[in-house]
Each structure stands twice: as C-alpha cells, then as structure tokens.
Number of protein chains: 2
Amino acid sequence: MLTYPLLFEPARVGGLTLPNRVLLPAMVTRLSGEDGRVNADILDRYVRYAKGEPGLIVVEAMAVHEAKSGPLLRISTDECKPGLTELARRVHDAGPSKVMPQIIHFLKIARSGWRQLVADLTLDDIRGIVEAYGRAALRARECGFDGVELHMAHAYTLSSFLSARNARKDAYGGSLANRMRLPMEVIAEVRRRAGSDFPVGVRFDGEECIKGGYSVPDARQIALRMAQLGVDYLSVSAGGKFEDAIHKPGTPLYPYTGYSGDRCMPGADYPDGLNVYIAAGIREFLVQHGVRTPVAVAGKISTPGLAERILAEGKADLVAMARPLLADPDWPKKVRDGREDTVIRCVYGNVCKSLDENFRKVVCILWPRGALQAPASADTEPPRWTRREPLTASVHDGRVSLKWVKAEDNEEVRGYAVYRSAPGEPERHIGSNRAWQFTDADVVAGTVYAYRVQPYDGAGNRGDFSNAVTAEIPVG
Amino acid sequence: MLTYPLLFEPARVGGLTLPNRVLLPAMVTRLSGEDGRVNADILDRYVRYAKGEPGLIVVEAMAVHEAKSGPLLRISTDECKPGLTELARRVHDAGPSKVMPQIIHFLKIARSGWRQLVADLTLDDIRGIVEAYGRAALRARECGFDGVELHMAHAYTLSSFLSARNARKDAYGGSLANRMRLPMEVIAEVRRRAGSDFPVGVRFDGEECIKGGYSVPDARQIALRMAQLGVDYLSVSAGGKFEDAIHKPGTPLYPYTGYSGDRCMPGADYPDGLNVYIAAGIREFLVQHGVRTPVAVAGKISTPGLAERILAEGKADLVAMARPLLADPDWPKKVRDGREDTVIRCVYGNVCKSLDENFRKVVCILWPRGALQAPASADTEPPRWTRREPLTASVHDGRVSLKWVKAEDNEEVRGYAVYRSAPGEPERHIGSNRAWQFTDADVVAGTVYAYRVQPYDGAGNRGDFSNAVTAEIPVG
C-alpha cells in the first residue's frame with residue numbers, strides 16, 4: 001500500500017503514460033557553455049534527476065533561436081542535435097521518467113536596462129518566431145524526446161504576447177483574442193512540423209502578478225483555448241515578469257527581482273502552495289467545459305502530504321517541484337518507497353535563484369561545498385552527536401540564536417534540520433543549515449518556543465534529535 | 001428558511017452580537033471637509049448603509065492625530081466628538097447594525113513623492129502614536145460607538161511597523177517580535193484607555209503583496225498574538241502599500257497604484273475571492289491554537305453564494321464587502337429577504353477608487369449621475385424595452401461590440417446588465433453600463449459567444465432580457 005496513492009498513480013499526457021505525477025519543471029542550470037551545447041555536467045544533472053524517478057523531467061529552457069544569452073542551452077540549429085539526442089537517451093536509460101525539453105524564445109535585453117518589447121517586433125519577426133518554434137519542436141522529436149514543452153510563462157516572448165500589458169496595436173495585441181494569436185500560431189506550427197502525435201505541453205502564467213497584468217479569468221480562457229487546440233498538458237506558473245523587475249546597474253534586467261519574481265520562486269517567507277488556487281481555478285473551468293487536459297501546479301510544494309492533498313482535492317493533475325528536486329533528486333523514489341523521512345528538504349533560501357541571477361552554475365546550498373551535482377549514497381548509517389546535550393539557545397533583539405556542537409558520520413554530515421514547536425503549535429521543520437548555528441527571527445513576544453536539531457547525512461539518514469531547548473521572547 | 005443561513009446567523013464579537021455576518025469595511029468617502037468633521041453628507045452616507053442592515057458598519061478611517069491630509073475624518077480632539085456622537089446615534093436609529101470607527105495614524109507624504117518612513121520616527125514620536133490611539137479609542141467609546149477598529153493594514157503607520165520592510169534598527173524593527181512591538185503597545189493602550197469591555201478589532205494585511213513583504217506565515221503569528229491579547233476580531237486585507245506605488249508627478253504618492261493596490265482593491269480582471277486563501281490560512285492557524293477570534297475576509301466577494309460558501313468551508317467568520325455595498329447598500333437586506341435578484345451588482349470598474357485617488361467625493365458609477373448617495377426606491381415596476389430585439393453585436397479587432405436601443409421605466413432606468421454564455425460555459429454577468437453599449441475584449445478566437453442584456457431600475461427591478469445575439473471570433 002502506497003502512503004500517497006494518487007501521487008504515484010500513472011498519468012496520461014497525450015499518448016504518453018507518465019509513471020507518476022511528480023513533474024520536474026524546467027529549471028536553468030547555467031551548466032552549458034556560451035555555445036549552448038549539452039556537456040558532461042548537463043548530462044550528469046539530468047541523469048541524476050532521472051535516478052530519482054519523477055514522472056516527467058522537463059529539461060531547462062533551450063533557445064529556439066540564435067540570440068546571445070550567456071550559458072543557456074540551445075535547440076536552434078541541427079548542430080545542437082547530437083548532444084540533445086545523447087541527453088534524451090541517457091535520461092531514458094537511467095530510469096522510467098519521460099523527458100521533454102522546454103523550448104523558449106526571448107527578446108533582447110541589455111546591461112543598460114533596456115529591453116526589447118513585443119510592440120517592437122515586425123510581422124517578419126513574428127513569422128520568424130513561429131518558424132523557429134516549429135523547427136525546434138521537430139528537432140526535439142528527432143532527438144528522441146518524449147514531447148516538447150512550449151515556454152509561454154514569465155518574462156519571455158510568448159508570455160509577453162499573452163500579457164495584458166502587450167501594447168501592440170495590431171492583430172497581435174489589444175484584446176485577449178489578439179494577445180493569444182501568436183501563441184496559437186506557434187502551437188499550430190509545432191503540431192504541423194513535429195506531428196500531431198508528438199506530445200506538446202505549455203507552461204504559462206496563471207497570474208502575471210504585476211500591475212495591469214492578467215489573472216485567473218484570462219488564464220482560464222487561455223487554457224481552454226489551448227486545450228481545445230490539443231495541447232497535451234498545461235503547466236501553470238505565476239509571475240516572473242520584467243515589468244516589476246529591479247534593475248541592477250550594469251547588468252541585464254533579471255525578471256525575478258520584483259514581487260512577481262517572488263511569486264514565481266517564493267522564498268521561505270511565503271506560505272506553502274501559495275499558487276495552488278490559481279491552477280485550481282483554471283482546472284475547475286476546464287472541467288466545467290468537459291476538458292480533462294492535465295494541469296500541473298507549482299510553487300512551494302515540497303511535502304508529499306501537500307502534493308497528495310492537491311491531487312485528492314482535484315486542484316491539479318500533476319505536481320511540479322523544482323527546488324525540492326534540486327535539493328534531493330531522490331525525492332520521488334524515497335517517498336514512493338516509504339523513505340520520506342530521508343528526504344533532504346529544500347529550505348527555500350533561494351541561493352539557487354541568486355546563482356542563476358549572477359549567471360553562475362546553479363547548485364543547491366544543501367549539497368556538499370563545491371559539488372556540481374547532488375551526491376548519491378547508499379549508506380544507511382545515520383550521524384551521531386559527539387556530545388550529550390549539544391544544543392543551546394539565547395535570545396536577543398527579538399531573535400532566538402541557536403548553537404550546537406557538531407555531529408559526526410561514517411561518510412559526511414550534510415547538515416542539520418532545525419525543528420520548532422510552541423504551545424498549541426505542532427513541531428515543524430523551520431530550516432536547515434550546514435553550519436552549527438541558526439537564527440530564528442520569526443518569533444513573537446510573550447511566547448515560549450522549543451527547539452530541537454537533527455543531523456542528517458548525504459543519503460538523508462537522520463541521527464537522533466538533540467536535546468530540546470526553550471527560549472522565551474520577552475514582552476516589552 | 002433562509003437561502004444563505006450562515007451569512008445571516010448572528011456573530012459574537014467580544015461582548016457584541018452582530019445581527020449577521022456581512023461587514024462593511026472602512027471605505028473612504030472624501031465627503032468630509034478639510035476640517036475632518038462629520039457633516040450632513042457623511043451622516044447620509046452611513047444612514048444609507050444602515051438601512052441595508054449589514055451586521056457591522058466600520059466607518060471610514062479617521063485620524064487619531066492632527067496631521068494635514070485633505071478631506072479625511074478626524075477623531076483627534078474632543079471637538080470631533082459631537083459630530084461622531086451624532087453619527088453613531090443616527091446609524092443606531094436607522095437599523096440593527098453595529099457601528100465602529102476605524103482609527104488611523106499615517107506618516108507624512110509630499111507632492112514631491114517623498115514620504116516619511118518608520119525609521120524616521122523618534123521614540124518620542126512612537127510614544128505619541130500610542131497615546132493618540134488610546135485617546136481616540138476612548139473618544140470612540142464616549143461617542144457611543146459599539147467598538148473601535150485599529151487600522152494596521154495597507155500603507156499606514158502601524159502596518160509599516162508590522163511590515164517585513166520595516167528598516168528600524170532598534171527594538172521596533174528587525175525581527176517579527178520587534179515589528180509587532182508598537183502595534184501591541186497600541187492595543188494595550190487602547191484597552192487601558194477605552195476599557196477591557198470595549199470591543200476592539202484590528203484590520204491588517206495577511207500579505208503585503210510587495211517584494212520583501214511578509215505573507216501568511218508572519219500574518220499567522222501576528223494574528224495569534226493579537227488574539228491572545230484579546231483583540232475581538234481580525235479583519236484581513238492585503239496589499240495597498242507605498243513600496244510599489246507609482247508616483248504621479250506633483251501629487252502625493254497614492255498607495256493603491258501598484259500591484260499591491262490591485263490586490264487590495266481588485267478590479268474586473270481579477271478572480272472573485274482572490275484573497276480568501278490568505279484569511280483561510282490565518283484562521284486555520286488560529287483554530288489549531290484553540291483560538292476562535294472571528295476572522296473577516298475581503299476582496300472581490302460580491303455574491304451571497306460565494307460568501308455563504310466561504311463561511312460553510314470555515315475560511316472566515318465574517319465577510320467584508322466594500323464596493324458591493326457602495327453599489328447597493330441594500331445588499332444585505334435584499335439577500336436576506338430573498339430579493340437577491342434585485343441587487344445592483346458592483347462591476348469592479350474602480351471608478352470609486354479613482355475618485356479617492358484624486359481626492360474627489362467617492363460615489364458609485366452605477367448611481368444616477370450627480371448623486372452623492374445611493375438612491376432608495378420602493379418601486380416594484382421593472383423597466384421595459386422600447387423595441388423588440390433591441391440588441392445587436394459586431395466583431396472587430398478581436399473584440400465584440402454590443403449596442404442596444406434604450407429601455408424605459410416608470411422612475412428611471414439605472415443601467416443595463418450584460419450577460420454572456422459560450423459553449424460549455426454557463427451564462428454569467430460580465431458587466432453593467434448606464435450607456436447603451438458594451439465592449440467585450442475578453443474573448444478568444446474560434447469561439448461563439450451569446451449575449452443578452454437586461455435593464456434594471458433604481459430599486460434593482462430587472463426588466464425582461466433582450467433578444468440573444470451571437471458573435472463568433474474568427475481564427476487567424
């Protein structure tokens with residue numbers, strides 16, 4: 001008996017059967033060179049994900065065109081195909097996951113903060129975008145991928161056409177029907193070039209999360225139309241727009257620096273599953289129309305309990321997890337096999353996001369220092385504390401400061417998970433750290449908090465809890 | 001048998017019993033003069049609301065201090081008391097609603113765009129704020145109000161202290177405990193001055209909806225602490241911050257011009273009940289802690305069906321409606337008495353918001369031209385069309401343009417409600433207009449839409465539906 005039966009139920013996506021409902025959404029790695037080719041690090045990254053056995057791996061966004069854009073994969077010419085073919089093959093060899101590339105077109109940005117707008121594009125430019133998507137989708141098929149995902153979310157070209165802030169005055173802007181024109185042309189061309197039997201997914205924003213942007217009412221119409229055109233799954237994201245991005249002088253605008261960026265990659269200050277209502281609102285509308293195209297939801301969903309509840313409540317069909325699978329690619333397999341307690345938990349500290357912003361290779365802060373990939377270990381021996389009562393707490397300036405004496409392990413202590421409880425509040429994981437300390441600033445006066453710390457190793461084996469310490473936050 | 005039994009169930013708030021669960025939240029009227037005194041227009045406005053019989057009327061924010069701020073009510077000196085006493089008495093005389101003033105402190109803003117920050121305040125300033133709130137709360141009691149609501153939401157002083165962007169370096173900033181210090185001091189002082197038996201509510205943001213702002217996790221802690229300190233109800237709002245406001249040169253910054261302003265006063269592009277998950281997340285946390293302090297929810301809730309469902313699902317205890325009650329103050333009474341079909345529906349066009357932004361008297365676009373108050377009428381005769389098949393539709397540029405020939409009424413045709421359906425989509429109200437036309441830009445290609453229009457008069461009596469017309473949006 002599975003503890004999370006819905007999460008591990010196979011899902012139909014077009015003609016494909018995904019082995020389970022965990023989806024790894026596209027997440028930039030910055031591991032490719034400026035040439036945009038698949039290299040050994042990229043292969044290692046996706047093989048590592050495949051070993052964890054998510055239902056679907058969506059490979060990071062790769063450009064359908066030749067524009068310059070730092071270390072970003074490309075599917076823009078036939079020269080890209082050998083590497084991508086190798087990638088698809090290696091992922092398939094490593095496990096049962098299906099794998100699709102996300103294909104992207106983006107407009108130009110400059111270090112000055114200038115950016116090209118959809119209103120700047122000529123009709124020839126637009127025709128070129130349609131053709132580039134079609135050719136890229138065909139390449140995806142020829143490389144042996146199981147399908148292709150069209151990037152229509154966040155700050156990029158197709159999303160900017162869908163946007164309520166699309167300022168074009170012609171047939172590609174203004175009304176919702178016009179804003180959808182280019183995305184719909186792209187879908188038709190992708191179908192024409194890659195074949196009507198080749199699975200096509202679309203990732204798009206359910207809410208732009210910017211002033212004057214669209215929200216669920218438009219997203220429902222967009223989703224319905226795409227489903228009617230035969231899109232095989234709809235992956236709902238939110239935000240990540242240029243319009244509210246904060247320009248850092250001398251660098252190109254990074255579309256995840258404003259509030260919409262927070263909603264796209266929510267940090268520790270946001271609630272779990274904060275965008276679930278958006279996907280649910282869209283899926284409800286599709287179901288009302290008799291459409292059962294699978295809807296994927298994303299946004300701070302890291303526990304199998306929450307994922308299963310979302311599926312049970314009919315709020316989505318697939319659950320996308322980016323940062324939790326970066327932290328621990330074995331998440332799906334561990335949870336399926338009843339080893340949930342060995343999952344290494346994402347702490348939503350967004351170090352990965354900041355690496356991306358600075359064009360640096362994207363790794364997880366919870367991995368061993370210097371590692372380019374999540375390590376794997378078959379070790380089963382948990383860490384041990386080196387001292388009785390290793391944990392102490394102190395309070396100053398309305399913050400609790402925890403310190404502990406280190407633990408040891410037969411391989412390596414990977415980190416320490418910090419747990420907190422308060423009167424009436426069940427104990428919960430509030431963060432993890434590789435170092436021997438943690439500061440909790442999220443406390444209120446007049447409350448007594450209790451803390452325990454638990455060391456874990458690279459395989460996720462957890463040691464004993466430390467002693468419990470309490471800290472009272474003074475009133476006044 | 002009531003159709004909406006939970007909505008019309010009395011609610012306990014401290015020692016008070018509200019006759020039902022419809023709450024009119026504080027909404028600026030700009031009807032007072034620069035002197036901040038109650039005048040005939042203000043009295044008329046609140047008596048009009050009282051005749052509609054919501055459970056609780058929260059009178060628009062009134063300043064606890066003497067700072068200059070255009071036409072805004074004041075409770076800052078004893079000279080304010082006669083007018084406020086009259087206001088409380090007149091509301092009580094008009095119906096069963098309970099009535100409380102919302103009391104506010106705000107920091108200085110200038111036409112240059114400059115604004116005072118919480119970090120600029122001295123400890124003396126802070127002491128002054130605490131004292132001003134205490135004195136104002138006592139005045140509220142002395143004036144005969146049923147309680148007082150402390151404004152801790154949006155762009156104002158106490159909210160700015162609660163904010164995760166509070167940049168103070170001392171005991172009033174930094175950690176959550178420190179950010180809560182001044183609000184908690186205010187609550188204690190209000191209790192001390194106004195008496196522990198005087199009902200005190202707090203309105204605060206459940207999410208700031210700005211970059212670096214707080215969200216539900218902090219809001220839960222804030223709410224729990226306030227409940228523990230004996231606050232009698234918690235009214236949850238969202239956004240409305242200065243941090244993402246757009247400065248219009250030559251005018252003071254208006255805190256509802258950015259995305260956070262949209263989330264605070266969502267327009268037609270946003271989904272219904274878009275902030276319900278925030279109040280629900282807070283209430284769930286309180287219940288887990290055994291705390292049953294009533295939670296009010298707000299944000300585009302205009303139909304009794306949605307309001308009842310929110311209560312039935314335990315997502316809130318009170319339902320706040322500002323713009324729907326501005327459009328039709330008789331909403332509570334009509335719905336209770338089974339006359340839901342005569343409610344004049346808010347169209348979320350935010351003309352009221354734009355009047356506020358420009359310091360003009362806040363009225364509803366659906367009222368008769370020039371009216372300062374929602375008219376009342378006991379008329380029961382509905383409008384009639386003056387021609388058979390009055391409605392026509394045309395399509396251009398991806399938009400549907402509707403035109404109709406006017407209807408007539410024994411009193412006055414107030415407006416026309418526009419309904420739309422599509423294959424698989426139930427017919428729904430998409431807007432209303434006083435004029436004889438409507439443009440629907442929210443359509444997608446390849447779909448056939450059907451429209452009907454229904455005239456209504458000042459009492460909300462609806463005439464017959466017009467003929468139905470269809471419009472097909474072309475593909476390509």
# chains A, B, ... in the order shown; residues from 1 in each chain; ligands from 1
call {"tool": "interface_residues", "arguments": {"of": "chain B", "to": "chain A", "cutoff": "6 Å", "atoms": "only C-alpha atoms", "output": "list in words"}}
result
Ser175, Leu176, Ala177, Asn178, Ile210, Lys211, Ser215, Val216, Pro217, Gly258, Tyr259, Tyr270, Pro271, His289, Gly398, Gly424, Ala441, Asp442, Val443, Val444 and Ala445 of chain B
call {"tool": "write_last_selection", "arguments": {"atoms": "C-alpha atoms", "output": "PDB file, in the first residue's frame"}}
result
ATOM      1  CA  SER B 175      12.615  40.629  13.969  1.00  0.00           C
ATOM      2  CA  LEU B 176       8.923  39.889  13.813  1.00  0.00           C
ATOM      3  CA  ALA B 177       8.713  40.341  17.581  1.00  0.00           C
ATOM      4  CA  ASN B 178      10.179  43.829  17.220  1.00  0.00           C
ATOM      5  CA  ILE B 210       5.260  43.558  -2.343  1.00  0.00           C
ATOM      6  CA  LYS B 211       8.825  42.419  -2.878  1.00  0.00           C
ATOM      7  CA  SER B 215       2.991  36.835   3.739  1.00  0.00           C
ATOM      8  CA  VAL B 216       0.749  34.326   5.508  1.00  0.00           C
ATOM      9  CA  PRO B 217       3.430  32.739   7.736  1.00  0.00           C
ATOM     10  CA  GLY B 258       0.891  49.287  -7.877  1.00  0.00           C
ATOM     11  CA  TYR B 259       0.212  45.583  -7.955  1.00  0.00           C
ATOM     12  CA  TYR B 270      -9.063  39.588 -11.018  1.00  0.00           C
ATOM     13  CA  PRO B 271     -10.903  36.463  -9.924  1.00  0.00           C
ATOM     14  CA  HIS B 289      -4.289  27.009  18.572  1.00  0.00           C
ATOM     15  CA  GLY B 398     -10.855  40.542 -31.651  1.00  0.00           C
ATOM     16  CA  GLY B 424     -19.963  24.709 -22.069  1.00  0.00           C
ATOM     17  CA  ALA B 441     -12.440  42.319 -25.214  1.00  0.00           C
ATOM     18  CA  ASP B 442     -12.123  39.190 -23.096  1.00  0.00           C
ATOM     19  CA  VAL B 443     -12.845  36.724 -25.868  1.00  0.00           C
ATOM     20  CA  VAL B 444     -10.816  34.057 -27.590  1.00  0.00           C
ATOM     21  CA  ALA B 445     -10.587  33.063 -31.232  1.00  0.00           C
TER      22      ALA B 445
END
call {"tool": "select_by_dssp", "arguments": {"residues": "segment 209-421 of chain A", "states": "alpha helix (DSSP H)", "output": "VMD selection string"}}
result
chain A and resid 216 to 228 259 to 264 276 to 288 304 to 312 323 to 327 331 to 336 351 to 357
call {"tool": "atom_distance", "arguments": {"atom1": "atom CA of His105 of chain A", "atom2": "atom CA of Val64 of chain A"}}
result
5.9 Å
call {"tool": "select_by_dssp", "arguments": {"residues": "segment 21-101 of chain B", "states": "strand (DSSP E)", "output": "list in words"}}
result
Val22, Leu23, Leu24, Leu56, Ile57, Val58, Val59, Glu60, Ala61, Met62, Ala63, Lys98, Val99, Met100 and Pro101 of chain B
call {"tool": "write_last_selection", "arguments": {"atoms": "N, CA, C and O atoms", "output": "compact mmCIF listing (two decimals), in the first residue's frame"}}
result
# COMPACT_ATOMS: atom_id res chain seq x y z
N VAL B 22 -22.35 40.01 7.45
CA VAL B 22 -21.91 40.94 6.40
C VAL B 22 -21.27 42.14 7.08
O VAL B 22 -21.89 42.79 7.92
N LEU B 23 -20.04 42.43 6.72
CA LEU B 23 -19.30 43.52 7.33
C LEU B 23 -19.02 44.57 6.25
O LEU B 23 -18.52 44.25 5.17
N LEU B 24 -19.38 45.80 6.54
CA LEU B 24 -18.97 46.90 5.66
C LEU B 24 -17.62 47.38 6.15
O LEU B 24 -17.53 47.98 7.22
N LEU B 56 -22.14 44.68 10.65
CA LEU B 56 -21.25 45.66 11.25
C LEU B 56 -20.86 46.69 10.20
O LEU B 56 -20.45 46.34 9.10
N ILE B 57 -21.00 47.96 10.60
CA ILE B 57 -20.54 49.07 9.76
C ILE B 57 -19.26 49.61 10.37
O ILE B 57 -19.26 50.05 11.52
N VAL B 58 -18.19 49.54 9.62
CA VAL B 58 -16.96 50.19 10.07
C VAL B 58 -16.86 51.51 9.33
O VAL B 58 -16.78 51.55 8.10
N VAL B 59 -16.91 52.59 10.11
CA VAL B 59 -16.87 53.93 9.50
C VAL B 59 -15.45 54.19 8.98
O VAL B 59 -14.47 53.80 9.62
N GLU B 60 -15.38 54.84 7.85
CA GLU B 60 -14.10 55.17 7.21
C GLU B 60 -13.03 55.63 8.19
O GLU B 60 -13.31 56.22 9.23
N ALA B 61 -11.78 55.39 7.80
CA ALA B 61 -10.64 55.72 8.65
C ALA B 61 -10.68 57.18 9.10
O ALA B 61 -10.88 58.08 8.29
N MET B 62 -10.50 57.38 10.42
CA MET B 62 -10.43 58.75 10.93
C MET B 62 -9.13 58.90 11.70
O MET B 62 -8.70 57.99 12.41
N ALA B 63 -8.51 60.05 11.53
CA ALA B 63 -7.15 60.24 12.05
C ALA B 63 -7.15 60.42 13.56
O ALA B 63 -7.97 61.16 14.11
N LYS B 98 -24.38 47.13 14.02
CA LYS B 98 -23.43 47.70 14.96
C LYS B 98 -22.50 48.62 14.16
O LYS B 98 -22.35 48.47 12.94
N VAL B 99 -21.89 49.57 14.86
CA VAL B 99 -21.06 50.55 14.15
C VAL B 99 -19.81 50.89 14.96
O VAL B 99 -19.87 51.10 16.17
N MET B 100 -18.68 50.88 14.27
CA MET B 100 -17.39 51.22 14.89
C MET B 100 -16.61 52.11 13.94
O MET B 100 -16.68 51.92 12.73
N PRO B 101 -15.87 53.04 14.48
CA PRO B 101 -14.97 53.80 13.61
C PRO B 101 -13.66 53.05 13.42
O PRO B 101 -13.22 52.32 14.31
call {"tool": "residues_around", "arguments": {"residues": "Val118 of chain A", "least_positions_apart": "4", "cutoff": "9 Å", "atoms": "only C-alpha atoms", "output": "PyMOL selection string"}}
result
chain A and resi 107+157+160-161+166-168
